[in-house]
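Undergrad: If it helps, the file is called run15.tsv and holds TSV, C-alpha atoms:
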chain	number	residue	atom	x	y	z
A	20	MET	CA	-18.45	8.44	-22.33
A	21	THR	CA	-19.08	11.23	-19.81
A	22	PRO	CA	-16.75	11.47	-16.81
A	23	VAL	CA	-18.35	12.72	-13.59
A	24	ALA	CA	-16.26	13.51	-10.51
A	25	ILE	CA	-17.76	13.22	-7.00
A	26	SER	CA	-16.30	14.30	-3.66
A	27	VAL	CA	-17.30	15.93	-0.37
A	28	ASP	CA	-15.88	19.27	-1.57
A	29	THR	CA	-18.28	22.22	-1.89
A	30	PRO	CA	-19.33	23.37	-5.39
A	31	GLU	CA	-17.11	26.44	-4.83
A	32	GLU	CA	-14.04	24.35	-3.97
A	33	SER	CA	-14.63	22.18	-7.04
A	34	ARG	CA	-15.12	25.27	-9.21
A	35	ASP	CA	-11.72	26.58	-8.07
A	36	LEU	CA	-10.14	23.23	-8.89
A	37	CYS	CA	-11.76	23.13	-12.36
A	38	GLN	CA	-10.63	26.67	-13.15
A	39	ARG	CA	-7.11	25.97	-11.95
A	40	VAL	CA	-6.63	22.66	-13.75
A	41	GLY	CA	-8.98	23.18	-16.69
A	42	TYR	CA	-11.42	20.29	-16.18
A	43	THR	CA	-14.62	20.76	-18.20
A	44	PHE	CA	-16.64	17.70	-17.11
A	45	PRO	CA	-19.15	17.84	-14.21
A	46	PHE	CA	-17.87	17.94	-10.64
A	47	LEU	CA	-20.60	17.03	-8.14
A	48	SER	CA	-20.63	17.96	-4.48
A	49	ASP	CA	-21.70	15.28	-1.98
A	50	ARG	CA	-21.20	17.48	1.06
A	51	ASN	CA	-22.77	15.08	3.59
A	52	GLY	CA	-21.42	11.96	1.93
A	53	ASP	CA	-24.90	10.49	1.30
A	54	VAL	CA	-24.09	9.18	-2.17
A	55	ILE	CA	-20.59	8.14	-1.08
A	56	ARG	CA	-22.28	6.10	1.69
A	57	LYS	CA	-24.76	4.61	-0.82
A	58	TYR	CA	-21.79	3.34	-2.81
A	59	ASP	CA	-20.11	2.12	0.42
A	60	LEU	CA	-17.03	4.27	-0.20
A	61	LEU	CA	-16.99	6.37	2.96
A	62	HIS	CA	-13.50	6.64	4.42
A	63	LYS	CA	-14.23	7.65	7.99
A	64	GLY	CA	-11.82	10.27	9.27
A	65	GLY	CA	-9.72	9.93	6.11
A	66	GLY	CA	-9.68	13.63	5.35
A	67	GLU	CA	-8.09	16.67	6.86
A	68	GLN	CA	-8.91	17.13	10.56
A	69	GLY	CA	-10.60	13.75	10.65
A	70	ARG	CA	-13.25	14.65	8.09
A	71	ASP	CA	-15.16	11.79	6.47
A	72	ILE	CA	-14.29	11.64	2.77
A	73	SER	CA	-14.63	9.28	-0.17
A	74	ARG	CA	-12.03	6.63	-0.85
A	75	PRO	CA	-10.84	6.73	-4.47
A	76	ALA	CA	-13.05	4.58	-6.74
A	77	GLU	CA	-14.23	4.55	-10.35
A	78	PHE	CA	-17.39	3.02	-11.86
A	79	LEU	CA	-18.37	2.78	-15.51
A	80	VAL	CA	-22.16	2.87	-15.83
A	81	ASP	CA	-23.87	1.96	-19.12
A	82	ARG	CA	-27.09	3.36	-20.66
A	83	THR	CA	-29.28	1.08	-18.55
A	84	GLY	CA	-27.65	2.24	-15.31
A	85	THR	CA	-25.71	-1.01	-14.86
A	86	VAL	CA	-22.12	-1.08	-13.58
A	87	ARG	CA	-19.95	-2.48	-16.39
A	88	TRP	CA	-16.50	-1.89	-14.90
A	89	ARG	CA	-15.21	-0.69	-11.57
A	90	ASN	CA	-11.93	-0.04	-9.83
A	91	LEU	CA	-11.60	-0.04	-6.04
A	92	THR	CA	-7.93	0.61	-5.53
A	93	GLU	CA	-6.24	-1.02	-2.54
A	94	ASP	CA	-3.76	1.83	-2.26
A	95	LEU	CA	-4.79	5.45	-2.56
A	96	ARG	CA	-1.47	6.29	-4.22
A	97	ILE	CA	-2.37	3.96	-7.08
A	98	ARG	CA	-5.31	4.99	-9.28
A	99	ALA	CA	-6.71	3.71	-12.54
A	100	THR	CA	-4.80	5.20	-15.47
A	101	PRO	CA	-6.69	7.16	-18.17
A	102	GLU	CA	-5.77	4.35	-20.60
A	103	THR	CA	-7.44	1.70	-18.40
A	104	MET	CA	-10.60	3.79	-18.09
A	105	LEU	CA	-10.77	4.53	-21.83
A	106	GLU	CA	-10.26	0.84	-22.55
A	107	ALA	CA	-13.22	0.02	-20.28
A	108	ALA	CA	-15.32	2.71	-21.97
A	109	ARG	CA	-14.56	1.28	-25.42
A	110	SER	CA	-16.04	-2.07	-24.32
A	111	LEU	CA	-19.46	-0.41	-24.04
A	112	ARG	CA	-19.77	0.00	-27.79
B	1	MET	CA	30.24	14.83	10.84
B	2	SER	CA	29.74	16.26	7.35
B	3	ARG	CA	28.90	12.77	6.05
B	4	LEU	CA	26.28	12.41	8.75
B	5	ILE	CA	24.67	15.74	7.87
B	6	SER	CA	24.79	14.92	4.14
B	7	GLY	CA	23.18	11.57	4.90
B	8	LEU	CA	20.40	13.20	6.90
B	9	LEU	CA	19.81	15.79	4.18
B	10	LEU	CA	19.64	13.01	1.62
B	11	VAL	CA	16.95	11.27	3.69
B	12	PHE	CA	14.78	14.39	3.46
B	13	ILE	CA	15.55	14.90	-0.24
B	14	ALA	CA	14.59	11.27	-0.93
B	15	ALA	CA	11.23	11.64	0.78
B	16	PHE	CA	10.29	15.08	-0.56
B	17	SER	CA	11.42	14.31	-4.12
B	18	TYR	CA	9.02	11.35	-4.04
B	19	VAL	CA	6.08	13.35	-2.71
B	20	TYR	CA	6.51	16.36	-4.98
B	21	PHE	CA	8.11	14.86	-8.08
B	22	PHE	CA	8.35	11.09	-8.54
B	23	SER	CA	4.77	10.43	-7.42
B	24	ARG	CA	3.57	11.96	-10.70
B	25	TRP	CA	4.32	8.89	-12.82
B	26	PRO	CA	3.14	5.32	-12.15
B	27	VAL	CA	6.61	3.85	-12.79
B	28	THR	CA	8.17	5.83	-9.94
B	29	ARG	CA	4.98	6.18	-7.86
B	30	ASP	CA	3.57	2.68	-7.33
B	31	VAL	CA	6.75	1.46	-5.61
B	32	PRO	CA	8.73	4.41	-4.22
B	33	TRP	CA	12.04	2.89	-5.33
B	34	THR	CA	13.74	6.25	-5.96
B	35	ALA	CA	13.35	7.07	-2.26
B	36	PHE	CA	14.53	3.62	-1.19
B	37	VAL	CA	17.68	3.82	-3.37
B	38	LEU	CA	18.49	7.23	-1.89
B	39	PHE	CA	17.77	5.89	1.62
B	40	VAL	CA	20.41	3.17	1.15
B	41	VAL	CA	22.98	5.79	0.06
B	42	ALA	CA	21.95	8.03	2.96
B	43	LEU	CA	22.29	5.18	5.44
B	44	ALA	CA	25.75	4.32	4.12
B	45	LEU	CA	26.81	7.97	4.45
B	46	MET	CA	25.50	8.15	8.01
B	47	ILE	CA	27.14	4.88	9.11
B	48	SER	CA	30.47	5.99	7.61
B	49	GLY	CA	30.09	9.39	9.30
B	50	LEU	CA	29.29	7.79	12.66
B	51	ARG	CA	32.45	5.63	12.45
B	52	ARG	CA	34.73	8.57	11.65
B	53	THR	CA	33.49	11.19	14.09
B	54	PRO	CA	34.69	11.40	17.69
B	55	ARG	CA	31.38	13.06	18.67
B	56	LYS	CA	29.51	9.82	18.99
B	57	VAL	CA	26.57	11.08	21.04
B	58	ILE	CA	25.46	13.85	18.69
B	59	ALA	CA	26.21	11.63	15.70
B	60	SER	CA	23.97	8.90	17.12
B	61	ILE	CA	21.15	11.42	17.59
B	62	VAL	CA	21.45	12.54	13.94
B	63	MET	CA	21.38	8.94	12.85
B	64	VAL	CA	18.31	8.10	14.95
B	65	ILE	CA	16.46	11.09	13.42
B	66	GLY	CA	17.39	9.89	9.93
B	67	ILE	CA	16.32	6.31	10.56
B	68	ALA	CA	13.07	7.40	12.25
B	69	PHE	CA	12.20	9.57	9.24
B	70	MET	CA	12.95	6.73	6.81
B	71	ALA	CA	10.76	4.38	8.85
B	72	PHE	CA	7.96	6.95	8.91
B	73	PHE	CA	8.12	7.42	5.14
B	74	THR	CA	8.27	3.69	4.46
B	75	PHE	CA	5.29	2.99	6.72
B	76	GLY	CA	3.35	5.89	5.22
B	77	THR	CA	3.82	4.78	1.63
B	78	LEU	CA	3.61	0.99	2.03
B	79	VAL	CA	1.04	0.66	4.83
B	80	GLY	CA	-0.63	4.01	5.51
B	81	THR	CA	-2.02	4.56	2.02
B	82	ARG	CA	-3.54	1.05	2.03
B	83	MET	CA	-5.67	1.74	5.09
B	84	LEU	CA	-8.90	2.03	3.14
B	85	PRO	CA	-12.43	0.84	3.99
B	86	ALA	CA	-13.36	-2.61	2.68
B	87	SER	CA	-16.35	-1.33	0.62
B	88	HIS	CA	-18.02	-4.77	0.51
B	89	GLY	CA	-21.38	-3.10	-0.15
B	90	SER	CA	-20.14	-1.22	-3.19
B	91	PRO	CA	-22.09	-1.93	-6.41
B	92	ALA	CA	-20.37	-4.80	-8.23
B	93	ILE	CA	-20.06	-5.33	-11.98
B	94	GLY	CA	-23.51	-6.25	-13.33
B	95	ALA	CA	-25.34	-4.50	-10.47
B	96	LYS	CA	-27.46	-1.38	-10.86
B	97	ALA	CA	-25.59	1.79	-9.94
B	98	PRO	CA	-27.66	3.49	-7.19
B	99	ASP	CA	-29.32	6.57	-8.62
B	100	PHE	CA	-28.59	9.98	-7.08
B	101	THR	CA	-28.97	13.71	-7.56
B	102	LEU	CA	-26.14	16.07	-6.57
B	103	PRO	CA	-25.34	19.74	-7.25
B	104	ASP	CA	-22.59	20.63	-9.72
B	105	THR	CA	-20.20	23.59	-9.46
B	106	ASN	CA	-23.01	25.96	-10.52
B	107	HIS	CA	-25.40	24.48	-7.90
B	108	ARG	CA	-27.45	22.88	-10.68
B	109	ASN	CA	-28.77	19.44	-9.77
B	110	VAL	CA	-27.40	16.54	-11.79
B	111	THR	CA	-29.12	13.12	-11.75
B	112	LEU	CA	-27.31	9.92	-12.71
B	113	SER	CA	-30.31	8.30	-14.45
B	114	GLN	CA	-30.69	11.39	-16.66
B	115	LEU	CA	-26.95	11.47	-17.46
B	116	VAL	CA	-26.82	7.83	-18.59
B	117	ALA	CA	-29.99	8.23	-20.71
B	118	ALA	CA	-28.84	11.48	-22.33
B	119	PRO	CA	-28.65	11.21	-26.14
B	120	GLY	CA	-25.08	10.62	-27.30
B	121	ALA	CA	-23.82	9.73	-23.82
B	122	ASN	CA	-22.29	6.32	-24.24
B	123	GLY	CA	-21.91	5.52	-20.57
B	124	VAL	CA	-20.95	7.56	-17.54
B	125	LEU	CA	-17.68	7.17	-15.65
B	126	LEU	CA	-18.20	7.98	-11.96
B	127	ILE	CA	-14.94	9.09	-10.40
B	128	PHE	CA	-15.11	9.25	-6.62
B	129	TYR	CA	-12.11	11.09	-5.24
B	130	ARG	CA	-10.82	12.25	-1.88
B	131	GLY	CA	-11.29	15.95	-2.52
B	132	TYR	CA	-8.53	18.48	-2.72
B	133	TRP	CA	-9.56	20.54	0.31
Show me, as structure tokens, the structure contained in the file I just sent.
TA:
Amino acid sequence: MTPVAISVDTPEESRDLCQRVGYTFPFLSDRNGDVIRKYDLLHKGGGEQGRDISRPAEFLVDRTGTVRWRNLTEDLRIRATPETMLEAARSLR
Amino acid sequence: MSRLISGLLLVFIAAFSYVYFFSRWPVTRDVPWTAFVLFVVALALMISGLRRTPRKVIASIVMVIGIAFMAFFTFGTLVGTRMLPASHGSPAIGAKAPDFTLPDTNHRNVTLSQLVAAPGANGVLLIFYRGYW
């Protein structure tokens, strides 16, 4: 399973984050929020200085491009745990 | 007066220890009970301080600041972080994930349909996040 992170951050901001924390999976930059809008995840004015950002959400997509598991948290403090996501990924096999 | 000040300090310690420390683990993050326990102790200290001091006016002001901060924290953690869009149009389980192409940290374009079809890739986990600014 390949994790892919998506936010409105610039590639440079994400590169800094990856270098600081040591993430090695792809971080994609959706600067204008087009993909975030496509997935209906836009949190209007949710960011710093009223910037539009993505709400937290996770989707597991299988080989055919079908969503097999998703998590739309109701509280941005509470995210899916790595265990939950790995469990979902195991179900693909 | 010293009990009042200690109580007020404890209010701040309760809130900041949650934000910078206890929010790291689900057991202390999901319900901010560490802050609430400390708030109760802080409130008891402030009430006891208010009873003992002859300087009622300034003591009342300290207490109002403490209570206002506790209310702000409680609202922020229990209500504020739940103010999220409904996302009714978000792809449900069994639906096709909308395809997209976005640049990675090296400005190379990455396409979802190519990622999922890549040999050895047993599924792709899309993690949308708020950004770290």
Undergrad: Taking all atoms listed in the file into account, report as a PyMOL selection string which residues of chain A lie within 8 Å of chain B.
TA: chain A and resi 20-34+36+45-49+54-55+57-62+66-67+72-89+93-97+108+111-112
Undergrad: Between CA of Arg51 (chain B) and CA of Ala68 (chain B), what distance in Å does the model show, to one decimal?
TA: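 The value is 19.5 Å.
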Undergrad: How far is it from CA of Thr43 (chain A) to CA of Trp25 (chain B), in Å with one decimal?
TA: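 Here the two named atoms are 23.0 Å from each other.
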Undergrad: Suppose you want the space between CA of Val57 (chain B) and CA of Phe16 (chain B); what is it in Å?
TA: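 Answer for the CA of Val57 (chain B) to CA of Phe16 (chain B) separation: 27.3 Å.
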Undergrad: Of the candidates B:Ala71, B:Ile65, B:Leu9, B:Ala14, which shows the shortest atom-to-atom distance to Trp33 (chain B), using all atoms listed in the file?
TA: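 For Trp33 (chain B), the nearest of the candidates is B:Ala14.
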Undergrad: If we count only C-alpha atoms and set the cut-off at 8 Å, which residues sit around Leu43 (chain B), ignoring sequence neighbours fewer than 3 positions away in its own chain? Please answer as a PyMOL selection string.
TA: chain B and resi 7+39-40+46-47+67
